[in-house]
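Source file: start_17.pdb. Holds: PDB, C-alpha atoms.
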ATOM      1  CA  THR F 104     -21.124 -31.314  -0.691
ATOM      2  CA  ASN F 105     -18.688 -33.965   0.516
ATOM      3  CA  CYS F 106     -16.524 -33.548  -2.584
ATOM      4  CA  HIS F 107     -16.901 -29.760  -2.635
ATOM      5  CA  ARG F 108     -15.434 -29.510   0.850
ATOM      6  CA  THR F 109     -12.229 -31.217  -0.355
ATOM      7  CA  PHE F 110     -11.584 -28.930  -3.338
ATOM      8  CA  GLY F 111      -9.829 -26.220  -1.328
ATOM      9  CA  THR F 112      -7.444 -28.717   0.259
ATOM     10  CA  ASN F 113      -6.837 -30.419  -3.089
ATOM     11  CA  LYS F 114      -5.957 -27.138  -4.795
ATOM     12  CA  ALA F 115      -3.675 -26.019  -1.961
ATOM     13  CA  GLY F 116      -1.889 -29.376  -1.907
ATOM     14  CA  TYR F 117      -1.547 -29.397  -5.688
ATOM     15  CA  ALA F 118      -0.075 -25.884  -5.686
ATOM     16  CA  TYR F 119       2.481 -26.903  -3.058
ATOM     17  CA  ASP F 120       3.397 -30.481  -4.019
ATOM     18  CA  HIS F 121       3.099 -30.394  -7.817
ATOM     19  CA  LYS F 122       6.591 -28.890  -8.222
ATOM     20  CA  ASP F 123       8.014 -31.918  -6.378
ATOM     21  CA  GLY F 124       6.308 -34.464  -8.624
ATOM     22  CA  CYS F 125       2.830 -34.874  -7.180
ATOM     23  CA  GLU F 126       0.032 -35.181  -9.735
ATOM     24  CA  ILE F 127      -3.699 -35.105  -9.042
ATOM     25  CA  ILE F 128      -6.186 -36.740 -11.389
ATOM     26  CA  GLY F 129      -9.786 -36.090 -10.442
ATOM     27  CA  VAL F 130     -12.332 -38.779 -11.307
ATOM     28  CA  HIS F 131     -15.907 -37.583 -11.700
ATOM     29  CA  ALA F 132     -18.390 -40.414 -11.081
ATOM     30  CA  PRO F 133     -21.916 -38.985 -11.613
ATOM     31  CA  GLU F 134     -24.272 -39.082  -8.639
ATOM     32  CA  PHE F 135     -27.277 -37.498 -10.391
ATOM     33  CA  SER F 136     -28.690 -37.711 -13.915
ATOM     34  CA  PHE F 137     -27.555 -34.212 -14.968
ATOM     35  CA  ALA F 138     -23.998 -35.013 -13.812
ATOM     36  CA  TYR F 139     -23.520 -37.361 -16.787
ATOM     37  CA  ASN F 140     -23.509 -34.329 -19.105
ATOM     38  CA  VAL F 141     -19.881 -33.409 -19.825
ATOM     39  CA  ASP F 142     -20.811 -29.750 -20.407
ATOM     40  CA  ASN F 143     -22.142 -29.587 -16.845
ATOM     41  CA  VAL F 144     -18.891 -31.078 -15.564
ATOM     42  CA  LEU F 145     -16.863 -28.505 -17.505
ATOM     43  CA  THR F 146     -18.974 -25.711 -16.026
ATOM     44  CA  ALA F 147     -18.326 -27.018 -12.510
ATOM     45  CA  VAL F 148     -14.569 -27.387 -13.124
ATOM     46  CA  LYS F 149     -14.406 -23.744 -14.234
ATOM     47  CA  ARG F 150     -16.551 -22.528 -11.329
ATOM     48  CA  PHE F 151     -14.345 -24.254  -8.747
ATOM     49  CA  GLU F 152     -11.162 -23.362 -10.682
ATOM     50  CA  LEU F 153      -9.768 -26.872 -10.455
ATOM     51  CA  PRO F 154      -6.231 -26.829 -11.947
ATOM     52  CA  TYR F 155      -5.743 -30.568 -12.404
ATOM     53  CA  PRO F 156      -7.191 -32.922 -15.063
ATOM     54  CA  ILE F 157     -10.637 -34.468 -14.500
ATOM     55  CA  VAL F 158     -11.770 -37.806 -15.943
ATOM     56  CA  VAL F 159     -15.517 -38.241 -16.522
ATOM     57  CA  ASP F 160     -16.135 -41.807 -15.359
ATOM     58  CA  ASP F 161     -19.734 -42.023 -16.600
ATOM     59  CA  TRP F 162     -19.646 -45.818 -16.881
ATOM     60  CA  PHE F 163     -18.133 -46.089 -13.381
ATOM     61  CA  THR F 164     -15.262 -48.095 -14.859
ATOM     62  CA  ILE F 165     -12.598 -46.492 -12.661
ATOM     63  CA  TRP F 166     -14.959 -46.464  -9.663
ATOM     64  CA  LYS F 167     -15.441 -50.229  -9.952
ATOM     65  CA  SER F 168     -11.797 -51.042 -10.662
ATOM     66  CA  PHE F 169     -10.812 -49.291  -7.418
ATOM     67  CA  HIS F 170     -13.715 -50.930  -5.552
ATOM     68  CA  ASN F 171     -14.740 -47.467  -4.470
ATOM     69  CA  ASN F 172     -18.104 -46.918  -2.777
ATOM     70  CA  VAL F 173     -18.154 -43.325  -1.519
ATOM     71  CA  TRP F 174     -17.838 -39.702  -2.616
ATOM     72  CA  PRO F 175     -15.034 -38.685  -2.209
ATOM     73  CA  GLY F 176     -12.456 -41.459  -2.256
ATOM     74  CA  ARG F 177      -8.764 -40.539  -2.256
ATOM     75  CA  TYR F 178      -6.103 -42.943  -3.492
ATOM     76  CA  LEU F 179      -2.368 -42.266  -3.376
ATOM     77  CA  VAL F 180      -0.377 -44.076  -6.062
ATOM     78  CA  ASP F 181       3.426 -44.265  -5.824
ATOM     79  CA  ALA F 182       5.988 -43.691  -8.597
ATOM     80  CA  ASN F 183       5.765 -47.375  -9.581
ATOM     81  CA  GLY F 184       1.987 -47.368  -9.976
ATOM     82  CA  TYR F 185       1.046 -49.077  -6.701
ATOM     83  CA  ILE F 186      -1.741 -47.852  -4.452
ATOM     84  CA  ARG F 187      -0.082 -47.037  -1.137
ATOM     85  CA  PHE F 188      -2.727 -45.153   0.827
ATOM     86  CA  VAL F 189      -6.524 -44.902   0.727
ATOM     87  CA  ARG F 190      -8.824 -42.455   2.487
ATOM     88  CA  LEU F 191     -12.541 -42.916   1.909
ATOM     89  CA  GLY F 192     -14.701 -39.895   2.681
ATOM     90  CA  GLU F 193     -13.786 -36.480   4.023
ATOM     91  CA  GLY F 194     -11.301 -35.661   6.751
ATOM     92  CA  ASP F 195      -7.746 -36.676   7.653
ATOM     93  CA  ASP F 196      -6.337 -34.037   5.306
ATOM     94  CA  SER F 197      -3.152 -33.718   7.361
ATOM     95  CA  GLN F 198      -2.596 -37.474   7.182
ATOM     96  CA  VAL F 199      -3.133 -37.444   3.422
ATOM     97  CA  GLU F 200      -0.562 -34.652   3.029
ATOM     98  CA  TYR F 201       1.878 -36.535   5.266
ATOM     99  CA  GLU F 202       1.547 -39.646   3.106
ATOM    100  CA  ILE F 203       2.056 -37.587  -0.059
ATOM    101  CA  GLN F 204       5.297 -36.171   1.316
ATOM    102  CA  GLN F 205       6.485 -39.642   2.300
ATOM    103  CA  LEU F 206       5.906 -40.936  -1.245
ATOM    104  CA  LEU F 207       7.625 -37.897  -2.742
ATOM    105  CA  ARG F 208      10.682 -38.492  -0.517
ATOM    106  CA  GLU F 209      10.664 -42.136  -1.506
ATOM    107  CA  ALA F 210      10.657 -41.223  -5.199
ATOM    108  CA  ASN F 211      13.328 -38.558  -4.697
ATOM    109  CA  PRO F 212      15.512 -39.179  -1.607
ATOM    110  CA  ARG F 213      17.233 -35.817  -2.089
ATOM    111  CA  LEU F 214      13.942 -34.001  -1.618
ATOM    112  CA  LYS F 215      13.791 -31.997   1.616
ATOM    113  CA  PHE F 216      10.799 -30.327   3.223
ATOM    114  CA  PRO F 217      11.646 -27.395   5.520
ATOM    115  CA  PRO F 218      10.717 -27.679   9.227
ATOM    116  CA  THR F 219       8.086 -24.991   8.700
ATOM    117  CA  ASP F 220       6.195 -27.541   6.610
ATOM    118  CA  ASP F 221       5.608 -29.867   9.545
ATOM    119  CA  ILE F 222       2.013 -30.978   9.311
ATOM    120  CA  ALA F 223      -0.256 -30.304  12.247
ATOM    121  CA  ALA F 224      -3.289 -32.528  12.722
ATOM    122  CA  GLU F 225      -6.498 -30.730  11.869
ATOM    123  CA  ARG F 226      -9.630 -30.679  13.982
ATOM    124  CA  ASN F 227     -11.857 -33.717  13.540
ATOM    125  CA  ALA F 228     -14.831 -32.204  11.728
ATOM    126  CA  PHE F 229     -16.919 -35.291  12.471
ATOM    127  CA  ALA F 230     -16.483 -35.314  16.244
ATOM    128  CA  PRO F 231     -19.761 -35.363  18.205
ATOM    129  CA  SER F 232     -18.866 -31.949  19.623
ATOM    130  CA  CYS F 233     -19.168 -30.514  16.091
ATOM    131  CA  GLY F 234     -22.813 -31.597  15.870
ATOM    132  CA  LEU F 235     -24.275 -34.757  14.359
ATOM    133  CA  VAL F 236     -26.246 -33.707  11.290
ATOM    134  CA  THR F 237     -29.154 -35.290   9.428
ATOM    135  CA  GLU F 238     -27.937 -37.860   6.906
ATOM    136  CA  GLU F 239     -27.925 -36.944   3.212
ATOM    137  CA  MET F 240     -31.458 -36.989   1.833
ATOM    138  CA  PHE F 241     -32.354 -38.112  -1.700
ATOM    139  CA  THR F 242     -35.780 -36.933  -2.811
ATOM    140  CA  GLY F 243     -36.000 -39.526  -5.602
ATOM    141  CA  PRO F 244     -35.980 -43.343  -5.382
ATOM    142  CA  MET F 245     -32.678 -43.822  -7.255
ATOM    143  CA  TYR F 246     -30.802 -45.386  -4.341
ATOM    144  CA  LYS F 247     -32.564 -48.726  -3.964
ATOM    145  CA  GLY F 248     -35.792 -47.274  -2.672
ATOM    146  CA  GLN F 249     -34.051 -45.141  -0.050
ATOM    147  CA  GLY F 250     -35.743 -41.933  -1.155
ATOM    148  CA  SER F 251     -36.910 -39.595   1.595
ATOM    149  CA  LEU F 252     -40.421 -38.911   0.258
ATOM    150  CA  ALA F 253     -42.975 -39.469   3.051
ATOM    151  CA  ASN F 254     -46.262 -38.789   1.213
ATOM    152  CA  PRO F 255     -48.670 -41.745   1.325
ATOM    153  CA  GLU F 256     -49.023 -41.532  -2.475
ATOM    154  CA  GLY F 257     -45.395 -42.606  -2.727
ATOM    155  CA  TYR F 258     -43.310 -42.653  -5.904
ATOM    156  CA  LYS F 259     -45.054 -42.993  -9.278
ATOM    157  CA  PRO F 260     -42.323 -42.984 -11.968
ATOM    158  CA  GLY F 261     -43.375 -41.401 -15.249
ATOM    159  CA  VAL F 262     -46.725 -40.173 -13.905
ATOM    160  CA  THR F 263     -47.671 -36.686 -12.713
ATOM    161  CA  VAL F 264     -49.411 -37.041  -9.353
ATOM    162  CA  ASP F 265     -51.433 -34.406  -7.493
ATOM    163  CA  TYR F 266     -49.903 -34.872  -4.049
ATOM    164  CA  LYS F 267     -51.630 -33.772  -0.850
ATOM    165  CA  LEU F 268     -49.474 -32.321   1.902
ATOM    166  CA  PRO F 269     -49.390 -34.427   5.109
ATOM    167  CA  SER F 270     -49.884 -32.619   8.393
ATOM    168  CA  ASN F 271     -46.235 -32.854   9.467
ATOM    169  CA  VAL F 272     -42.798 -34.012   8.366
ATOM    170  CA  ALA F 273     -40.206 -35.995  10.320
ATOM    171  CA  ASP F 274     -36.500 -35.195  10.433
ATOM    172  CA  GLY F 275     -34.739 -36.542   7.352
ATOM    173  CA  ARG F 276     -37.927 -36.787   5.280
ATOM    174  CA  VAL F 277     -39.641 -34.640   2.647
ATOM    175  CA  ILE F 278     -43.336 -34.100   1.897
ATOM    176  CA  ILE F 279     -44.825 -32.381  -1.138
ATOM    177  CA  ASP F 280     -48.036 -30.703  -2.232
ATOM    178  CA  GLY F 281     -49.258 -30.132  -5.773
ATOM    179  CA  GLU F 282     -48.392 -31.766  -9.087
ATOM    180  CA  TRP F 283     -45.049 -33.547  -9.073
ATOM    181  CA  GLN F 284     -43.468 -36.316 -11.120
ATOM    182  CA  THR F 285     -40.986 -38.942  -9.941
ATOM    183  CA  ASP F 286     -37.564 -39.079 -11.570
ATOM    184  CA  PRO F 287     -34.973 -41.616 -10.376
ATOM    185  CA  SER F 288     -32.792 -38.705  -9.225
ATOM    186  CA  GLY F 289     -35.464 -36.513  -7.647
ATOM    187  CA  MET F 290     -38.915 -34.950  -7.780
ATOM    188  CA  ILE F 291     -39.972 -32.649 -10.633
ATOM    189  CA  TYR F 292     -42.604 -29.955 -10.156
ATOM    190  CA  GLU F 293     -45.136 -30.181 -13.019
ATOM    191  CA  GLY F 294     -47.735 -27.620 -11.964
ATOM    192  CA  LYS F 295     -48.336 -24.071 -13.185
ATOM    193  CA  GLU F 296     -46.231 -20.971 -12.699
ATOM    194  CA  GLN F 297     -46.956 -19.661  -9.217
ATOM    195  CA  GLU F 298     -46.125 -17.273  -6.427
ATOM    196  CA  PRO F 299     -45.246 -18.604  -2.953
ATOM    197  CA  GLY F 300     -47.986 -18.838  -0.355
ATOM    198  CA  PRO F 301     -49.921 -21.202   1.932
ATOM    199  CA  LYS F 302     -51.924 -22.669  -0.965
ATOM    200  CA  ALA F 303     -49.003 -22.911  -3.402
ATOM    201  CA  ALA F 304     -47.410 -26.192  -4.438
ATOM    202  CA  GLN F 305     -44.450 -26.860  -2.205
ATOM    203  CA  MET F 306     -41.872 -29.232  -0.765
ATOM    204  CA  GLN F 307     -41.224 -29.365   2.967
ATOM    205  CA  MET F 308     -38.339 -31.017   4.762
ATOM    206  CA  ARG F 309     -36.999 -31.133   8.308
ATOM    207  CA  TYR F 310     -33.339 -31.347   9.295
ATOM    208  CA  HIS F 311     -30.876 -30.665  12.088
ATOM    209  CA  ALA F 312     -27.552 -29.045  11.184
ATOM    210  CA  ARG F 313     -25.783 -25.694  10.906
ATOM    211  CA  GLU F 314     -25.872 -25.400   7.110
ATOM    212  CA  LEU F 315     -28.273 -26.677   4.454
ATOM    213  CA  TYR F 316     -27.424 -27.325   0.801
ATOM    214  CA  ALA F 317     -29.664 -28.595  -2.009
ATOM    215  CA  VAL F 318     -28.964 -30.098  -5.429
ATOM    216  CA  VAL F 319     -31.467 -28.497  -7.797
ATOM    217  CA  ASN F 320     -31.902 -28.220 -11.554
ATOM    218  CA  VAL F 321     -34.458 -27.356 -14.231
ATOM    219  CA  VAL F 322     -35.177 -30.241 -16.580
ATOM    220  CA  ASP F 323     -36.118 -28.058 -19.566
ATOM    221  CA  GLY F 324     -33.055 -25.875 -19.194
ATOM    222  CA  LYS F 325     -35.014 -22.655 -18.608
ATOM    223  CA  PRO F 326     -33.936 -20.689 -15.526
ATOM    224  CA  ALA F 327     -36.561 -20.634 -12.795
ATOM    225  CA  ARG F 328     -36.983 -19.303  -9.281
ATOM    226  CA  LEU F 329     -37.205 -21.397  -6.140
ATOM    227  CA  TYR F 330     -38.418 -19.625  -2.982
ATOM    228  CA  VAL F 331     -37.061 -20.743   0.398
ATOM    229  CA  GLU F 332     -38.643 -20.402   3.853
ATOM    230  CA  GLN F 333     -37.282 -21.689   7.154
ATOM    231  CA  ASP F 334     -39.460 -22.229  10.219
ATOM    232  CA  GLY F 335     -42.274 -20.268   8.597
ATOM    233  CA  HIS F 336     -40.161 -17.186   7.848
ATOM    234  CA  TRP F 337     -38.202 -15.911   4.892
ATOM    235  CA  LEU F 338     -34.449 -16.126   5.204
ATOM    236  CA  THR F 339     -32.508 -12.979   6.099
ATOM    237  CA  LYS F 340     -28.946 -11.735   5.758
ATOM    238  CA  ALA F 341     -28.267 -13.413   9.115
ATOM    239  CA  ASN F 342     -29.072 -16.964   7.970
ATOM    240  CA  LYS F 343     -29.224 -17.123   4.175
ATOM    241  CA  GLY F 344     -26.758 -19.152   2.132
ATOM    242  CA  VAL F 345     -24.532 -17.441  -0.432
ATOM    243  CA  ASP F 346     -26.790 -18.432  -3.345
ATOM    244  CA  VAL F 347     -29.920 -16.941  -1.757
ATOM    245  CA  LYS F 348     -31.237 -13.529  -2.786
ATOM    246  CA  ILE F 349     -34.006 -11.432  -1.233
ATOM    247  CA  ASP F 350     -36.592  -9.640  -3.386
ATOM    248  CA  GLY F 351     -38.311  -6.337  -2.780
ATOM    249  CA  GLN F 352     -41.018  -8.045  -0.721
ATOM    250  CA  GLY F 353     -38.474  -9.620   1.613
ATOM    251  CA  ARG F 354     -38.928 -13.081   0.104
ATOM    252  CA  SER F 355     -35.838 -15.290  -0.075
ATOM    253  CA  TYR F 356     -35.131 -17.300  -3.225
ATOM    254  CA  ILE F 357     -32.514 -18.822  -5.501
ATOM    255  CA  ASP F 358     -32.383 -18.464  -9.264
ATOM    256  CA  VAL F 359     -31.799 -21.934 -10.674
ATOM    257  CA  ALA F 360     -29.972 -21.413 -13.944
ATOM    258  CA  GLU F 361     -27.747 -24.481 -13.956
ATOM    259  CA  PRO F 362     -27.859 -27.930 -12.354
ATOM    260  CA  ARG F 363     -25.676 -27.913  -9.247
ATOM    261  CA  MET F 364     -25.578 -27.761  -5.479
ATOM    262  CA  TYR F 365     -26.969 -24.500  -4.061
ATOM    263  CA  TYR F 366     -26.141 -23.056  -0.637
ATOM    264  CA  LEU F 367     -29.511 -22.415   0.997
ATOM    265  CA  VAL F 368     -29.054 -21.793   4.721
ATOM    266  CA  THR F 369     -26.205 -20.834   7.044
ATOM    267  CA  ASN F 370     -27.694 -20.706  10.526
ATOM    268  CA  PRO F 371     -25.936 -18.753  13.287
ATOM    269  CA  ARG F 372     -25.981 -21.909  15.416
ATOM    270  CA  PHE F 373     -26.640 -25.638  15.149
ATOM    271  CA  GLY F 374     -30.307 -26.604  15.487
ATOM    272  CA  SER F 375     -33.422 -28.305  14.125
ATOM    273  CA  HIS F 376     -35.416 -26.560  11.408
ATOM    274  CA  GLU F 377     -38.247 -27.025   8.927
ATOM    275  CA  VAL F 378     -37.754 -25.696   5.411
ATOM    276  CA  THR F 379     -40.375 -25.041   2.734
ATOM    277  CA  LEU F 380     -39.510 -24.712  -0.961
ATOM    278  CA  TYR F 381     -41.910 -23.111  -3.453
ATOM    279  CA  PRO F 382     -41.081 -23.802  -7.127
ATOM    280  CA  GLY F 383     -41.927 -20.817  -9.291
ATOM    281  CA  ALA F 384     -42.337 -22.683 -12.574
ATOM    282  CA  PRO F 385     -42.787 -26.228 -13.912
ATOM    283  CA  GLY F 386     -39.645 -28.234 -14.616
ATOM    284  CA  MET F 387     -38.006 -27.465 -11.273
ATOM    285  CA  MET F 388     -36.326 -30.619  -9.989
ATOM    286  CA  VAL F 389     -35.077 -31.084  -6.431
ATOM    287  CA  ASP F 390     -32.565 -33.952  -6.182
ATOM    288  CA  SER F 391     -31.109 -33.997  -2.686
ATOM    289  CA  PHE F 392     -30.272 -32.203   0.556
ATOM    290  CA  THR F 393     -26.962 -32.301   2.387
ATOM    291  CA  PHE F 394     -25.773 -30.625   5.569
ATOM    292  CA  GLY F 395     -22.865 -29.052   7.419
ATOM    293  CA  ASN F 396     -22.040 -28.950  11.126
ATOM    294  CA  ASP F 397     -20.220 -26.413  13.317
ATOM    295  CA  CYS F 398     -16.807 -27.643  12.116
ATOM    296  CA  GLN F 399     -17.571 -27.645   8.376
ATOM    297  CA  LEU F 400     -17.920 -23.922   7.740
ATOM    298  CA  ASP F 401     -14.359 -23.034   6.734
ATOM    299  CA  TYR F 402     -14.305 -23.925   3.037
ATOM    300  CA  PRO F 403     -15.091 -21.903  -0.106
ATOM    301  CA  HIS F 404     -18.840 -21.609  -0.599
ATOM    302  CA  GLN F 405     -18.982 -21.118  -4.357
TER     303      GLN F 405
END
The structure given in the file should be rewritten as structure tokens.
Amino acid sequence: TNCHRTFGTNKAGYAYDHKDGCEIIGVHAPEFSFAYNVDNVLTAVKRFELPYPIVVDDWFTIWKSFHNNVWPGRYLVDANGYIRFVRLGEGDDSQVEYEIQQLLREANPRLKFPPTDDIAAERNAFAPSCGLVTEEMFTGPMYKGQGSLANPEGYKPGVTVDYKLPSNVADGRVIIDGEWQTDPSGMIYEGKEQEPGPKAAQMQMRYHARELYAVVNVVDGKPARLYVEQDGHWLTKANKGVDVKIDGQGRSYIDVAEPRMYYLVTNPRFGSHEVTLYPGAPGMMVDSFTFGNDCQLDYPHQ
């Protein structure tokens, strides 16, 4: 999500500054196992219509050489090849654009930007007034044991475990019921095909935010359905994310046909919620959950 929210600004800046000598080179450092597949990267580049070249840094060679440690990291390099400005994480888009214009003027002193291009500081999307959201949740144990699974059975890599659902779930944690297998990147449902219901295999999580996104994929490549409930009710047109559909029975779901981030919930206001996911078929893998606050709504949800 963090990188997705920068794509609109990147494309707008590229369209404006490219004619004056600004180049953007995107570096894709995989965060999840499916993100190492170049075909998946190509699909994402086409979906987001990114006009600049993308390097697949699957050995993290560029990541390490820049001593980077976050997604996204932005580095401005001058005409002589020196790094002149660094912004780690989201935000400060107006400052980044200001620095780009300064480097362009430095490379071409005759370059003039009209007064209408004066850069106004944008709203701080991470101010407390925007809402402090739950931290990113990883369902698998990939990040040094920092997975969010709260079942007492814990992680059992390479083994299908029949998990029993605990009585409740804390904010920022997930609990599961049914047959699941641990993957470093997430949890894979290994039970039978099913319909959603109280006795169905499921994953529950609790969060506080305005929007909810989930990275989901199917390990065998076959499209499958994932049903989504919030606070014991199906999502509606008033709170569903753009990827959510509603069937003839009023049940909300997403069709998982490719590995990517899906937009699950867009609540009308910031708050605390409990979400239940019902995988419709084996092979469904849930990797992570990320969140948006009241100031992170104005970007393309695609």
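Using all atoms listed in the file, the nearest neighbour of F:Pro175 within the list F:Leu191, F:Ile157, F:Leu206, F:Ala317 is F:Leu191.
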task = Show which residues sit within 9 Å of F:Tyr316, as a ChimeraX atom specification. Count only C-alpha atoms, and ignore same-chain residues fewer than 3 positions away.
result = /F:104,344,364-368,391-395
Expanded to explicit residues, what is the PyMOL selection byres ((chain F and resi 263) around 12) for this file, as an mmCIF file with C-alpha atoms, in the coordinates of the input?
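Output contents, as saved in out_36.cif:
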data_model
loop_
_atom_site.group_PDB
_atom_site.id
_atom_site.type_symbol
_atom_site.label_atom_id
_atom_site.label_comp_id
_atom_site.auth_asym_id
_atom_site.auth_seq_id
_atom_site.Cartn_x
_atom_site.Cartn_y
_atom_site.Cartn_z
ATOM 1 C CA GLU F 256 -49.023 -41.532 -2.475
ATOM 2 C CA GLY F 257 -45.395 -42.606 -2.727
ATOM 3 C CA TYR F 258 -43.310 -42.653 -5.904
ATOM 4 C CA LYS F 259 -45.054 -42.993 -9.278
ATOM 5 C CA PRO F 260 -42.323 -42.984 -11.968
ATOM 6 C CA GLY F 261 -43.375 -41.401 -15.249
ATOM 7 C CA VAL F 262 -46.725 -40.173 -13.905
ATOM 8 C CA VAL F 264 -49.411 -37.041 -9.353
ATOM 9 C CA ASP F 265 -51.433 -34.406 -7.493
ATOM 10 C CA TYR F 266 -49.903 -34.872 -4.049
ATOM 11 C CA GLY F 281 -49.258 -30.132 -5.773
ATOM 12 C CA GLU F 282 -48.392 -31.766 -9.087
ATOM 13 C CA TRP F 283 -45.049 -33.547 -9.073
ATOM 14 C CA GLN F 284 -43.468 -36.316 -11.120
ATOM 15 C CA THR F 285 -40.986 -38.942 -9.941
ATOM 16 C CA ASP F 286 -37.564 -39.079 -11.570
ATOM 17 C CA MET F 290 -38.915 -34.950 -7.780
ATOM 18 C CA ILE F 291 -39.972 -32.649 -10.633
ATOM 19 C CA TYR F 292 -42.604 -29.955 -10.156
ATOM 20 C CA GLU F 293 -45.136 -30.181 -13.019
ATOM 21 C CA GLY F 294 -47.735 -27.620 -11.964
ATOM 22 C CA PRO F 385 -42.787 -26.228 -13.912
ATOM 23 C CA GLY F 386 -39.645 -28.234 -14.616
#
task = Check what the PyMOL selection byres ((chain F and resi 232-245) around 6) selects in the file above and give those residues as a PyMOL selection string.
result = chain F and resi 230-231+246-252+287-290+310-312+390-393+396-398
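Minimum atom-to-atom distances from F:Lys302, F:Arg313, F:His404, F:Arg328 to F:Phe373 were compared using all atoms listed in the file, and the lowest value belongs to F:Arg313.
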inquiry  = Here is a test: counting all atoms listed in the file, which residue of F:Gly351, F:Gly383, F:Gly194, F:Pro299 is nearest to F:Pro326?
reply    = F:Gly383
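Closest approach to F:Glu209 from the set F:Asp160, F:Asp142, F:Asp123, F:Glu298 is made by F:Asp123, with distances taken over only C-alpha atoms.
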inquiry  = Evaluated on this file, the PyMOL selection byres ((chain F and resi 127) around 7) picks out some residues - which ones are they, written as a PyMOL selection string?
reply    = chain F and resi 117+125-126+128-129+155
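Atom CA of F:Leu315 is positioned 8.5 Å from atom CA of F:Asn370.
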query = If you measure from atom CA of F:Tyr119 to atom CA of F:Val345, what distance in Å do you get, rounded to one decimal?
reply = 28.7 Å
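Remark: for F:Tyr178, the closest of the candidate residues F:Lys267, F:Pro371, F:Val199, F:Thr112 is F:Val199 (distances computed over only C-alpha atoms).
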key: Neighbour list for F:Ala327 as a ChimeraX atom specification, cut-off 12 Å, only C-alpha atoms, skip fewer than 3 positions in-chain   = /F:292,296-298,319-324,330,356-362,381-388
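For the pair atom CA of F:Trp174 and atom CA of F:Gln204, the separation is 23.7 Å.
Checking F:Gln205, F:Gln305, F:Asn140, F:Thr164 one by one against F:Phe188, counting all atoms listed in the file, you find the shortest gap at F:Gln205.
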inquiry  = List the spatial neighbours of F:Gly176 as JSON, numbers by chain - criterion: any atom at most 12 Å away, all atoms listed in the file, same-chain residues fewer than 2 positions off excluded.
reply    = {"F": [105, 106, 109, 129, 130, 131, 132, 165, 166, 169, 170, 171, 172, 173, 174, 178, 179, 188, 189, 190, 191, 192, 193, 194, 195, 199]}
Emit as AutoDock Vina command-line options the padded axis-aligned box for all listed atoms of stretch 318-337 of chain F, 5 Å per side, with centre and edge lengths in Å to one decimal.
--center_x -35.6 --center_y -23.1 --center_z -4.7 --size_x 23.3 --size_y 24.3 --size_z 39.8
inquiry  = Need to verify the contact set: F:Phe151, 12 Å, all atoms listed in the file, exclusion of same-chain residues closer than 5 positions in sequence. Can you return it as number ranges by chain?
reply    = F: 106-111, 113-114, 144-146, 363, 402-405
